[in-house]
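A.B. asks: Below is the file coords.txt, with compact mmCIF, C-alpha atoms.
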```
# COMPACT_ATOMS: atom_id res chain seq x y z
CA MET A 1 55.70 -32.15 84.44
CA ALA A 2 55.14 -29.45 81.86
CA MET A 3 51.65 -28.33 80.95
CA ALA A 4 50.55 -26.11 78.06
CA GLU A 5 47.09 -25.14 76.91
CA ASN A 6 46.18 -24.17 73.37
CA ALA A 7 42.72 -23.52 71.99
CA GLY A 8 41.07 -25.33 74.87
CA VAL A 9 43.24 -28.46 74.56
CA VAL A 10 45.50 -29.28 77.48
CA CYS A 11 48.77 -31.03 76.72
CA LYS A 12 50.48 -32.80 79.63
CA CYS A 13 54.01 -33.85 78.82
CA THR A 14 56.55 -35.78 80.89
CA ALA A 15 60.26 -36.10 80.25
CA ARG A 16 61.51 -36.30 76.69
CA ARG A 17 60.99 -39.61 75.02
CA SER A 18 60.81 -41.14 71.56
CA PHE A 19 58.21 -43.49 70.14
CA ARG A 20 59.53 -46.77 68.74
CA PHE A 21 58.21 -50.10 67.62
CA ARG A 22 60.27 -52.85 69.26
CA GLN A 23 60.83 -56.27 67.78
CA PRO A 24 59.89 -59.16 70.13
CA LYS A 25 62.78 -61.39 71.18
CA HIS A 26 61.14 -64.46 69.68
CA SER A 27 59.36 -63.54 66.48
CA ASN A 28 57.65 -65.95 64.13
CA LEU A 29 56.93 -63.23 61.57
CA ARG A 30 57.94 -63.98 58.01
CA ASN A 31 59.28 -61.56 55.47
CA LEU A 32 56.42 -61.83 53.03
CA SER A 33 58.27 -59.83 50.39
CA ARG A 34 60.64 -62.79 50.02
CA ILE A 35 57.95 -65.47 49.79
CA PRO A 36 56.06 -65.82 46.48
CA LEU A 37 52.35 -66.13 47.20
CA PHE A 38 51.68 -68.21 44.11
CA THR A 39 53.55 -70.75 41.99
CA ARG A 40 52.83 -71.81 38.43
CA ARG A 41 52.77 -75.40 37.16
CA PRO A 42 51.16 -77.21 34.24
CA SER A 43 47.66 -78.52 34.83
CA LEU A 44 46.33 -81.85 33.62
CA ALA A 45 44.96 -80.08 30.58
CA GLY A 46 48.42 -78.83 29.71
CA LYS A 47 47.67 -75.23 30.68
CA LEU A 48 49.42 -73.15 33.32
CA THR A 49 47.51 -72.71 36.57
CA LEU A 50 48.09 -70.59 39.67
CA LEU A 51 48.41 -72.45 42.95
CA SER A 52 48.70 -71.23 46.53
CA THR A 53 52.03 -71.10 48.33
CA SER A 54 53.79 -74.47 48.18
CA ALA A 55 54.73 -76.44 51.27
CA GLN A 56 58.40 -75.89 50.53
CA GLU A 57 57.95 -72.10 50.48
CA LYS A 58 55.79 -72.20 53.59
CA SER A 59 58.66 -73.74 55.49
CA ARG A 60 61.26 -71.26 54.25
CA PRO A 61 62.66 -69.41 57.28
CA ALA A 62 62.55 -65.65 57.07
CA VAL A 63 62.53 -62.99 59.75
CA LEU A 64 61.62 -59.36 59.49
CA SER A 65 64.57 -57.05 59.92
CA SER A 66 64.76 -55.43 63.31
CA THR A 67 63.01 -52.10 63.76
CA ARG A 68 64.70 -51.43 67.06
CA HIS A 69 66.41 -48.26 65.84
CA LYS A 70 63.63 -47.01 63.56
CA ARG A 71 61.27 -44.25 64.65
CA ILE A 72 57.86 -43.28 63.34
CA PRO A 73 57.67 -39.46 63.04
CA ILE A 74 54.64 -38.09 64.88
CA TYR A 75 52.88 -34.97 63.59
CA VAL A 76 50.26 -33.05 65.57
CA MET A 77 47.53 -31.11 63.77
CA MET A 78 47.09 -27.43 64.58
CA PRO A 79 43.67 -26.85 66.21
CA VAL A 80 40.99 -26.12 63.64
CA ASP A 81 40.29 -22.78 65.34
CA ALA A 82 43.96 -21.77 65.63
CA PHE A 83 43.34 -18.90 63.20
CA CYS A 84 40.62 -16.28 63.35
CA ILE A 85 39.59 -12.95 61.87
CA ASP A 86 39.71 -10.20 64.50
CA GLY A 87 37.28 -7.31 64.89
CA SER A 88 39.10 -5.21 62.32
CA GLY A 89 38.93 -8.00 59.74
CA ILE A 90 42.61 -8.93 59.99
CA PRO A 91 43.61 -12.63 60.24
CA ARG A 92 45.59 -13.55 63.35
CA ILE A 93 46.79 -16.51 65.41
CA ARG A 94 44.76 -17.22 68.53
CA ARG A 95 46.47 -17.52 71.94
CA LEU A 96 49.99 -16.95 70.65
CA LYS A 97 51.69 -17.37 74.05
CA ALA A 98 49.85 -20.62 74.76
CA LEU A 99 50.74 -21.87 71.28
CA THR A 100 54.44 -21.14 71.85
CA ALA A 101 54.41 -23.07 75.13
CA SER A 102 52.51 -25.94 73.51
CA LEU A 103 55.07 -26.25 70.71
CA LYS A 104 57.90 -26.56 73.22
CA ALA A 105 55.96 -29.14 75.21
CA LEU A 106 55.25 -31.18 72.08
CA LYS A 107 58.94 -31.18 71.20
CA LEU A 108 59.79 -32.47 74.67
CA ALA A 109 57.19 -35.21 74.21
CA GLY A 110 59.01 -36.50 71.12
CA VAL A 111 56.69 -35.04 68.48
CA HIS A 112 58.41 -34.56 65.12
CA GLY A 113 56.33 -31.79 63.59
CA ILE A 114 53.12 -29.80 63.20
CA ALA A 115 50.50 -30.13 60.45
CA VAL A 116 49.31 -26.68 59.40
CA GLU A 117 46.46 -25.60 57.13
CA VAL A 118 47.46 -22.69 54.88
CA TRP A 119 44.23 -20.89 54.06
CA TRP A 120 43.52 -19.24 50.71
CA GLY A 121 41.03 -17.03 52.58
CA ILE A 122 43.83 -15.64 54.77
CA ILE A 123 46.63 -15.16 52.26
CA GLU A 124 44.75 -13.66 49.29
CA ARG A 125 41.99 -12.25 51.44
CA PHE A 126 41.34 -8.72 50.28
CA SER A 127 42.12 -8.52 46.57
CA PRO A 128 43.26 -10.81 43.74
CA LEU A 129 46.99 -11.58 43.51
CA ALA A 130 47.67 -9.61 46.72
CA TYR A 131 49.28 -12.29 48.88
CA ASP A 132 50.13 -11.60 52.53
CA TRP A 133 52.23 -14.41 54.01
CA SER A 134 53.19 -12.58 57.22
CA LEU A 135 50.99 -14.71 59.50
CA TYR A 136 52.55 -17.95 58.24
CA GLU A 137 56.06 -16.51 58.27
CA LYS A 138 55.59 -15.90 61.98
CA LEU A 139 54.01 -19.31 62.59
CA PHE A 140 56.68 -21.27 60.70
CA GLU A 141 59.37 -19.35 62.59
CA LEU A 142 57.78 -20.31 65.93
CA ILE A 143 57.57 -23.96 64.88
CA SER A 144 61.14 -24.02 63.59
CA GLU A 145 62.51 -22.34 66.74
CA SER A 146 60.81 -25.07 68.76
CA GLY A 147 62.80 -27.68 66.82
CA LEU A 148 59.75 -29.02 64.98
CA LYS A 149 59.03 -29.65 61.30
CA VAL A 150 55.97 -28.67 59.25
CA HIS A 151 53.44 -30.50 57.10
CA VAL A 152 51.50 -27.98 55.01
CA ALA A 153 47.96 -28.42 53.66
CA LEU A 154 47.04 -25.76 51.10
CA SER A 155 43.36 -25.16 51.84
CA PHE A 156 41.05 -23.67 49.22
CA HIS A 157 37.84 -24.19 51.18
CA SER A 158 36.14 -22.34 54.04
CA ASN A 159 35.58 -23.62 57.56
CA VAL A 160 33.10 -20.91 58.58
CA ASN A 161 30.24 -23.43 58.58
CA SER A 162 32.24 -26.07 60.42
CA SER A 163 30.70 -27.16 63.71
CA SER A 164 33.96 -26.33 65.51
CA CYS A 165 34.28 -22.82 64.03
CA ARG A 166 30.89 -21.27 64.66
CA ASN A 167 32.46 -18.26 66.35
CA GLY A 168 34.63 -17.08 63.50
CA GLY A 169 36.36 -19.36 61.06
CA VAL A 170 38.14 -18.61 57.79
CA SER A 171 35.99 -17.79 54.79
CA LEU A 172 36.96 -17.86 51.14
CA PRO A 173 38.79 -14.68 50.05
CA LEU A 174 36.57 -11.63 50.46
CA TRP A 175 36.86 -10.68 46.80
CA ILE A 176 35.61 -14.18 45.91
CA THR A 177 32.62 -13.90 48.25
CA GLN A 178 31.83 -10.48 46.73
CA ILE A 179 31.61 -12.15 43.33
CA GLY A 180 29.45 -14.83 44.94
CA ASP A 181 27.07 -12.20 46.34
CA SER A 182 26.04 -11.32 42.79
CA ASN A 183 26.46 -14.81 41.31
CA LYS A 184 25.53 -17.64 43.68
CA HIS A 185 26.17 -20.13 40.89
CA ILE A 186 29.92 -20.10 41.55
CA TYR A 187 29.12 -22.35 44.54
CA TYR A 188 27.68 -25.86 44.72
CA ARG A 189 23.87 -25.69 44.67
CA ASP A 190 21.05 -28.12 45.47
CA LYS A 191 17.83 -28.69 43.51
CA ASN A 192 15.95 -26.21 45.72
CA GLY A 193 18.36 -23.40 44.88
CA PHE A 194 20.25 -23.36 48.18
CA SER A 195 24.02 -22.92 47.88
CA SER A 196 26.99 -23.00 50.24
CA ASP A 197 29.94 -20.62 50.10
CA ASP A 198 32.35 -23.22 51.48
CA TYR A 199 33.93 -24.08 48.12
CA LEU A 200 33.79 -23.15 44.44
CA THR A 201 31.87 -25.53 42.20
CA LEU A 202 33.78 -27.64 39.71
CA GLY A 203 31.68 -25.94 37.05
CA VAL A 204 33.83 -22.80 37.25
CA ASP A 205 37.20 -24.54 37.06
CA ASN A 206 37.86 -23.28 33.54
CA LEU A 207 35.71 -20.14 33.41
CA PRO A 208 37.39 -16.68 33.76
CA LEU A 209 34.89 -15.38 36.31
CA PHE A 210 37.39 -14.23 38.93
CA CYS A 211 38.80 -10.92 37.76
CA GLY A 212 39.83 -12.49 34.47
CA ARG A 213 41.14 -15.74 35.95
CA THR A 214 39.63 -19.20 36.13
CA ALA A 215 39.34 -21.03 39.44
CA LEU A 216 42.21 -23.34 38.46
CA GLN A 217 44.39 -20.33 37.63
CA CYS A 218 43.61 -18.83 41.05
CA TYR A 219 44.72 -22.04 42.74
CA GLU A 220 47.85 -22.27 40.59
CA ASP A 221 48.87 -18.66 41.26
CA PHE A 222 48.40 -19.20 45.00
CA MET A 223 50.60 -22.30 45.01
CA THR A 224 53.26 -20.58 42.90
CA SER A 225 53.35 -17.68 45.36
CA PHE A 226 53.69 -20.11 48.28
CA VAL A 227 56.66 -21.87 46.68
CA LYS A 228 58.41 -18.59 45.91
CA LYS A 229 57.87 -17.27 49.43
CA PHE A 230 58.98 -20.37 51.33
CA GLU A 231 61.44 -21.90 48.88
CA SER A 232 64.22 -21.78 51.48
CA HIS A 233 62.04 -23.70 53.98
CA ILE A 234 60.95 -26.49 51.64
CA GLY A 235 62.94 -29.63 52.35
CA SER A 236 64.24 -28.33 55.66
CA VAL A 237 61.46 -26.91 57.84
CA ILE A 238 58.60 -27.85 55.48
CA GLU A 239 58.81 -31.59 54.88
CA GLU A 240 55.52 -32.22 53.07
CA ILE A 241 52.95 -30.23 51.10
CA CYS A 242 49.38 -31.43 50.50
CA VAL A 243 46.72 -29.73 48.39
CA GLY A 244 43.06 -29.54 49.37
CA LEU A 245 40.81 -30.60 46.48
CA GLY A 246 37.24 -30.00 47.59
CA PRO A 247 34.85 -29.24 50.45
CA SER A 248 36.62 -29.63 53.81
CA GLY A 249 39.78 -30.15 51.76
CA GLU A 250 38.55 -33.57 50.58
CA LEU A 251 38.38 -34.88 47.01
CA ARG A 252 34.60 -35.26 46.88
CA TYR A 253 31.32 -33.63 45.96
CA PRO A 254 29.41 -32.11 48.88
CA ALA A 255 26.16 -33.81 49.88
CA HIS A 256 24.80 -31.30 52.39
CA PHE A 257 25.41 -27.91 53.99
CA GLY A 258 26.43 -27.10 57.53
CA ASP A 259 23.09 -25.45 58.28
CA GLY A 260 21.42 -28.18 60.32
CA ILE A 261 19.10 -29.46 57.57
CA TRP A 262 21.03 -32.71 57.17
CA LYS A 263 21.28 -35.17 60.04
CA PHE A 264 23.24 -38.41 60.26
CA PRO A 265 22.71 -40.97 58.72
CA GLY A 266 20.87 -39.19 55.92
CA ILE A 267 22.20 -39.72 52.39
CA GLY A 268 22.18 -36.01 51.50
CA GLU A 269 21.36 -34.59 48.08
CA PHE A 270 23.23 -34.00 44.84
CA GLN A 271 24.75 -30.50 44.75
CA CYS A 272 24.95 -30.13 40.98
CA TYR A 273 22.35 -27.51 40.18
CA ASP A 274 24.47 -24.41 39.64
CA LYS A 275 24.05 -23.22 36.06
CA TYR A 276 27.61 -24.11 35.11
CA MET A 277 27.29 -27.74 36.21
CA LEU A 278 23.91 -27.95 34.47
CA ASP A 279 25.42 -26.55 31.27
CA ASN A 280 28.08 -29.26 31.39
CA LEU A 281 25.39 -31.89 31.99
CA LYS A 282 23.29 -30.69 29.04
CA MET A 283 26.31 -30.70 26.75
CA ALA A 284 27.27 -34.23 27.78
CA ALA A 285 23.66 -35.44 27.35
CA CYS A 286 23.49 -34.03 23.82
CA GLU A 287 26.79 -35.70 22.93
CA GLU A 288 25.31 -38.96 24.25
CA GLY A 289 22.25 -38.49 22.03
CA LYS A 290 19.98 -38.27 25.09
CA PRO A 291 19.16 -34.56 25.57
CA GLN A 292 16.44 -35.47 28.09
CA TRP A 293 19.17 -36.64 30.46
CA GLY A 294 20.52 -33.10 30.71
CA GLU A 295 17.60 -31.58 32.61
CA GLY A 296 19.08 -32.19 36.05
CA GLY A 297 19.91 -34.82 38.61
CA PRO A 298 17.88 -38.00 39.22
CA PRO A 299 14.38 -37.21 40.58
CA ASN A 300 14.27 -40.41 42.64
CA ALA A 301 17.45 -39.90 44.70
CA GLY A 302 15.65 -39.02 47.93
CA TYR A 303 16.16 -36.06 50.24
CA TYR A 304 18.78 -34.92 52.73
CA ASN A 305 17.66 -37.25 55.50
CA SER A 306 16.51 -40.20 53.39
CA LEU A 307 18.07 -43.62 53.82
CA PRO A 308 19.46 -45.54 50.82
CA SER A 309 16.66 -48.08 51.20
CA GLY A 310 14.13 -45.29 50.69
CA ALA A 311 15.67 -43.84 47.52
CA PRO A 312 15.08 -45.92 44.35
CA PHE A 313 18.13 -44.41 42.65
CA PHE A 314 20.40 -46.13 45.19
CA GLU A 315 18.64 -49.49 44.98
CA GLU A 316 18.58 -52.11 42.26
CA GLY A 317 16.11 -51.63 39.46
CA GLU A 318 15.45 -50.03 36.10
CA GLU A 319 15.70 -46.51 37.52
CA SER A 320 18.71 -47.05 39.77
CA PHE A 321 22.29 -45.88 39.50
CA LEU A 322 22.96 -49.10 37.55
CA SER A 323 20.68 -48.01 34.70
CA ASP A 324 21.99 -46.40 31.53
CA TYR A 325 20.93 -42.99 32.81
CA GLY A 326 22.40 -43.65 36.26
CA CYS A 327 25.77 -44.63 34.83
CA PHE A 328 25.74 -41.59 32.54
CA PHE A 329 24.89 -39.18 35.36
CA LEU A 330 27.47 -40.49 37.80
CA VAL A 331 30.27 -40.65 35.23
```
Would you put the structure from the file into structure tokens?
C.D. replies:
Amino acid sequence: MAMAENAGVVCKCTARRSFRFRQPKHSNLRNLSRIPLFTRRPSLAGKLTLLSTSAQEKSRPAVLSSTRHKRIPIYVMMPVDAFCIDGSGIPRIRRLKALTASLKALKLAGVHGIAVEVWWGIIERFSPLAYDWSLYEKLFELISESGLKVHVALSFHSNVNSSSCRNGGVSLPLWITQIGDSNKHIYYRDKNGFSSDDYLTLGVDNLPLFCGRTALQCYEDFMTSFVKKFESHIGSVIEEICVGLGPSGELRYPAHFGDGIWKFPGIGEFQCYDKYMLDNLKMAACEEGKPQWGEGGPPNAGYYNSLPSGAPFFEEGEESFLSDYGCFFLV
């Protein structure tokens, strides 16, 4: 039995094996792709109607093709704290020897590849357009030498405030946070003026606030640099590339910060009070002919730890999200 430990996670692996779904000897499964779910026939009124599957089609024999020789590729996510910033401010891989042993053990266990977050805050850390891919060159080489493939997630957020990275996660690039020190409005902001430096607000997507570039241009330049650097790996070692699109890499608006104010199952608060988002709201309200709607978010949407039943905006009524104002604000 081989054992490897990485970032506090112990991996116990037995002899090499593959993971397969096996077809039962006697299967009553039908190939639904071959059976129409509805048929059309004239109704008594002379119009066509849709009916459920006919008795004749229900009795049609069909069997799913065997999956005996098909395998489902298994990918294992790199630990969220696999990367850190050392005392000198340089990004590095934690527990490199343990990671190397873990990769070999995962290969023996039948794992197909590793899912890796590629952090904007590591690659373009110190100055704009200065990309340092050396850490990921080393990591991809280790993974490839272990016989594994790579799924890449291009990550434009920070995990410093993540509950699992309290002791040193990856921030946004330092030159971005320096801009944020003098202009907190580049981050999402709540109605009380508190902001989080985990991700840039959508309000700056098209504003040249970052050394002459917009946020979207920063993301595009980063992705272009990645493709140029690892072009020879794409399609061979790197089998898939995903792009993070918001806080925690998710396509969403944030509803709270990682500072302990919010507690489950609170509904959170709208984070739309940076001046750039408010400018967009005012412009949209004027175009709608309702300038009063551009003053801010709904005043009746509760607080961080409110429940939906205690916030009129999320209930039914004249002042809810179903009202004209509610639909305008959410769209």
A.B. asks: With all atoms listed in the file counted and 10 Å as the cut-off, give the residues of range 189-239 of chain A in contact with range 117-129 of chain A, each with its shortest interatomic distance in Å and the pair that gives it, as CSV.
C.D. replies:
```
residue,atom,partner,partner_atom,distance
A:Phe210,CA,A:Pro128,CA,8.3
A:Cys211,CA,A:Pro128,CA,7.5
A:Arg213,CA,A:Pro128,CA,9.5
A:Cys218,CA,A:Leu129,CA,8.4
A:Tyr219,CA,A:Trp120,CA,8.5
A:Asp221,CA,A:Leu129,CA,7.7
A:Phe222,CA,A:Trp120,CA,7.5
A:Met223,CA,A:Trp120,CA,9.6
A:Ser225,CA,A:Leu129,CA,9.0
A:Phe226,CA,A:Val118,CA,9.4
```
A.B. asks: Could you tell me which of A:Phe329, A:Asp81, A:Val116, A:Leu154 comes closest to Gln292 in chain A if we count all atoms listed in the file?
C.D. replies: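 Closest to Gln292 in chain A, using all atoms listed in the file: A:Phe329.
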A.B. asks: Quick one: which range 109-215 of chain A residues come within 12 Å of range 300-305 of chain A, and what is the nearest atom pair for each with the distance in Å to one decimal, counting only C-alpha atoms, rows ordered by chain and ascending number, as CSV?
C.D. replies:
```
residue,atom,partner,partner_atom,distance
A:Asp190,CA,A:Tyr304,CA,10.2
A:Lys191,CA,A:Tyr303,CA,10.1
A:Asn192,CA,A:Tyr303,CA,10.8
```
A.B. asks: Quick one: pull the distance between CA of Val150 in chain A and CA of Pro254 in chain A, Å, one decimal.
C.D. replies: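 Computing it gives 28.7 Å between the two atoms.
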A.B. asks: At what distance in Å, to one decimal, does CA of Ser196 in chain A lie from CA of Phe257 in chain A?
C.D. replies: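 Between CA of Phe257 in chain A and CA of Ser196 in chain A the gap is 6.4 Å.
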A.B. asks: Choose the residue, out of A:Asn161, A:Ser232, A:Gln271, A:Gln217, that has the smallest atom-to-atom separation from Ser195 in chain A; count all atoms listed in the file.
C.D. replies: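 Using all atoms listed in the file, the shortest distance to Ser195 in chain A belongs to A:Gln271.
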A.B. asks: CA of Asp274 in chain A and CA of Gly193 in chain A are how many Å apart?
C.D. replies: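 That distance, rounded to one decimal, is 8.1 Å.
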A.B. asks: Here is a test: counting all atoms listed in the file, which residue of A:Ser171, A:Thr201, A:Cys242, A:Met277 is nearest to Phe83 in chain A?
C.D. replies: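 For Phe83 in chain A, the nearest of the given residues is A:Ser171.
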A.B. asks: Please provide as a VMD selection string all residues within 12 Å of Pro299 in chain A, with the sequence filter that same-chain residues fewer than 2 positions apart are discarded (counting all atoms listed in the file).
C.D. replies: chain A and resid 191 269 to 270 293 295 to 297 301 to 303 311 to 314 319 to 321 325 to 326 329
A.B. asks: Missing atoms in range 89-114 of chain A: can you complete it with N, CA and C atoms, as a PDB file, in the coordinates of the input?
C.D. replies:
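Resulting contents of part.pdb:
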```pdb
ATOM      1  N   GLY A  89      38.913  -7.246  60.984  1.00  0.00           N
ATOM      2  CA  GLY A  89      38.930  -8.000  59.740  1.00  0.00           C
ATOM      3  C   GLY A  89      40.293  -8.545  59.359  1.00  0.00           C
ATOM      4  N   ILE A  90      41.255  -8.477  60.276  1.00  0.00           N
ATOM      5  CA  ILE A  90      42.610  -8.930  59.990  1.00  0.00           C
ATOM      6  C   ILE A  90      42.808 -10.352  60.538  1.00  0.00           C
ATOM      7  N   PRO A  91      43.340 -11.273  59.741  1.00  0.00           N
ATOM      8  CA  PRO A  91      43.610 -12.630  60.240  1.00  0.00           C
ATOM      9  C   PRO A  91      44.706 -12.606  61.307  1.00  0.00           C
ATOM     10  N   ARG A  92      44.567 -13.453  62.308  1.00  0.00           N
ATOM     11  CA  ARG A  92      45.590 -13.550  63.350  1.00  0.00           C
ATOM     12  C   ARG A  92      45.606 -14.949  63.934  1.00  0.00           C
ATOM     13  N   ILE A  93      46.656 -15.230  64.713  1.00  0.00           N
ATOM     14  CA  ILE A  93      46.790 -16.510  65.410  1.00  0.00           C
ATOM     15  C   ILE A  93      46.200 -16.350  66.806  1.00  0.00           C
ATOM     16  N   ARG A  94      45.345 -17.264  67.186  1.00  0.00           N
ATOM     17  CA  ARG A  94      44.760 -17.220  68.530  1.00  0.00           C
ATOM     18  C   ARG A  94      45.792 -17.659  69.577  1.00  0.00           C
ATOM     19  N   ARG A  95      45.724 -17.084  70.755  1.00  0.00           N
ATOM     20  CA  ARG A  95      46.470 -17.520  71.940  1.00  0.00           C
ATOM     21  C   ARG A  95      47.941 -17.805  71.598  1.00  0.00           C
ATOM     22  N   LEU A  96      48.620 -16.786  71.144  1.00  0.00           N
ATOM     23  CA  LEU A  96      49.990 -16.950  70.650  1.00  0.00           C
ATOM     24  C   LEU A  96      50.930 -17.459  71.746  1.00  0.00           C
ATOM     25  N   LYS A  97      50.807 -16.932  72.964  1.00  0.00           N
ATOM     26  CA  LYS A  97      51.690 -17.370  74.050  1.00  0.00           C
ATOM     27  C   LYS A  97      51.443 -18.836  74.401  1.00  0.00           C
ATOM     28  N   ALA A  98      50.174 -19.221  74.452  1.00  0.00           N
ATOM     29  CA  ALA A  98      49.850 -20.620  74.760  1.00  0.00           C
ATOM     30  C   ALA A  98      50.353 -21.533  73.650  1.00  0.00           C
ATOM     31  N   LEU A  99      50.258 -21.070  72.406  1.00  0.00           N
ATOM     32  CA  LEU A  99      50.740 -21.870  71.280  1.00  0.00           C
ATOM     33  C   LEU A  99      52.246 -22.082  71.380  1.00  0.00           C
ATOM     34  N   THR A 100      52.982 -21.025  71.716  1.00  0.00           N
ATOM     35  CA  THR A 100      54.440 -21.140  71.850  1.00  0.00           C
ATOM     36  C   THR A 100      54.816 -22.157  72.916  1.00  0.00           C
ATOM     37  N   ALA A 101      54.131 -22.101  74.058  1.00  0.00           N
ATOM     38  CA  ALA A 101      54.410 -23.070  75.130  1.00  0.00           C
ATOM     39  C   ALA A 101      54.038 -24.480  74.703  1.00  0.00           C
ATOM     40  N   SER A 102      52.946 -24.619  73.958  1.00  0.00           N
ATOM     41  CA  SER A 102      52.510 -25.940  73.510  1.00  0.00           C
ATOM     42  C   SER A 102      53.522 -26.557  72.544  1.00  0.00           C
ATOM     43  N   LEU A 103      54.080 -25.745  71.657  1.00  0.00           N
ATOM     44  CA  LEU A 103      55.070 -26.250  70.710  1.00  0.00           C
ATOM     45  C   LEU A 103      56.293 -26.801  71.437  1.00  0.00           C
ATOM     46  N   LYS A 104      56.741 -26.093  72.444  1.00  0.00           N
ATOM     47  CA  LYS A 104      57.900 -26.560  73.220  1.00  0.00           C
ATOM     48  C   LYS A 104      57.575 -27.857  73.958  1.00  0.00           C
ATOM     49  N   ALA A 105      56.359 -27.929  74.492  1.00  0.00           N
ATOM     50  CA  ALA A 105      55.960 -29.140  75.210  1.00  0.00           C
ATOM     51  C   ALA A 105      55.864 -30.330  74.266  1.00  0.00           C
ATOM     52  N   LEU A 106      55.356 -30.102  73.059  1.00  0.00           N
ATOM     53  CA  LEU A 106      55.250 -31.180  72.080  1.00  0.00           C
ATOM     54  C   LEU A 106      56.630 -31.684  71.671  1.00  0.00           C
ATOM     55  N   LYS A 107      57.571 -30.773  71.535  1.00  0.00           N
ATOM     56  CA  LYS A 107      58.940 -31.180  71.200  1.00  0.00           C
ATOM     57  C   LYS A 107      59.518 -32.058  72.305  1.00  0.00           C
ATOM     58  N   LEU A 108      59.300 -31.673  73.550  1.00  0.00           N
ATOM     59  CA  LEU A 108      59.790 -32.470  74.670  1.00  0.00           C
ATOM     60  C   LEU A 108      59.135 -33.849  74.711  1.00  0.00           C
ATOM     61  N   ALA A 109      57.913 -33.936  74.205  1.00  0.00           N
ATOM     62  CA  ALA A 109      57.190 -35.210  74.210  1.00  0.00           C
ATOM     63  C   ALA A 109      57.640 -36.137  73.084  1.00  0.00           C
ATOM     64  N   GLY A 110      58.524 -35.659  72.209  1.00  0.00           N
ATOM     65  CA  GLY A 110      59.010 -36.500  71.120  1.00  0.00           C
ATOM     66  C   GLY A 110      58.281 -36.314  69.813  1.00  0.00           C
ATOM     67  N   VAL A 111      57.396 -35.320  69.731  1.00  0.00           N
ATOM     68  CA  VAL A 111      56.690 -35.040  68.480  1.00  0.00           C
ATOM     69  C   VAL A 111      57.667 -34.519  67.443  1.00  0.00           C
ATOM     70  N   HIS A 112      57.483 -34.938  66.195  1.00  0.00           N
ATOM     71  CA  HIS A 112      58.410 -34.560  65.120  1.00  0.00           C
ATOM     72  C   HIS A 112      58.033 -33.251  64.453  1.00  0.00           C
ATOM     73  N   GLY A 113      56.726 -32.994  64.305  1.00  0.00           N
ATOM     74  CA  GLY A 113      56.330 -31.790  63.590  1.00  0.00           C
ATOM     75  C   GLY A 113      54.873 -31.434  63.781  1.00  0.00           C
ATOM     76  N   ILE A 114      54.473 -30.347  63.109  1.00  0.00           N
ATOM     77  CA  ILE A 114      53.120 -29.800  63.200  1.00  0.00           C
ATOM     78  C   ILE A 114      52.505 -29.772  61.807  1.00  0.00           C
TER      79      ILE A 114
END
```
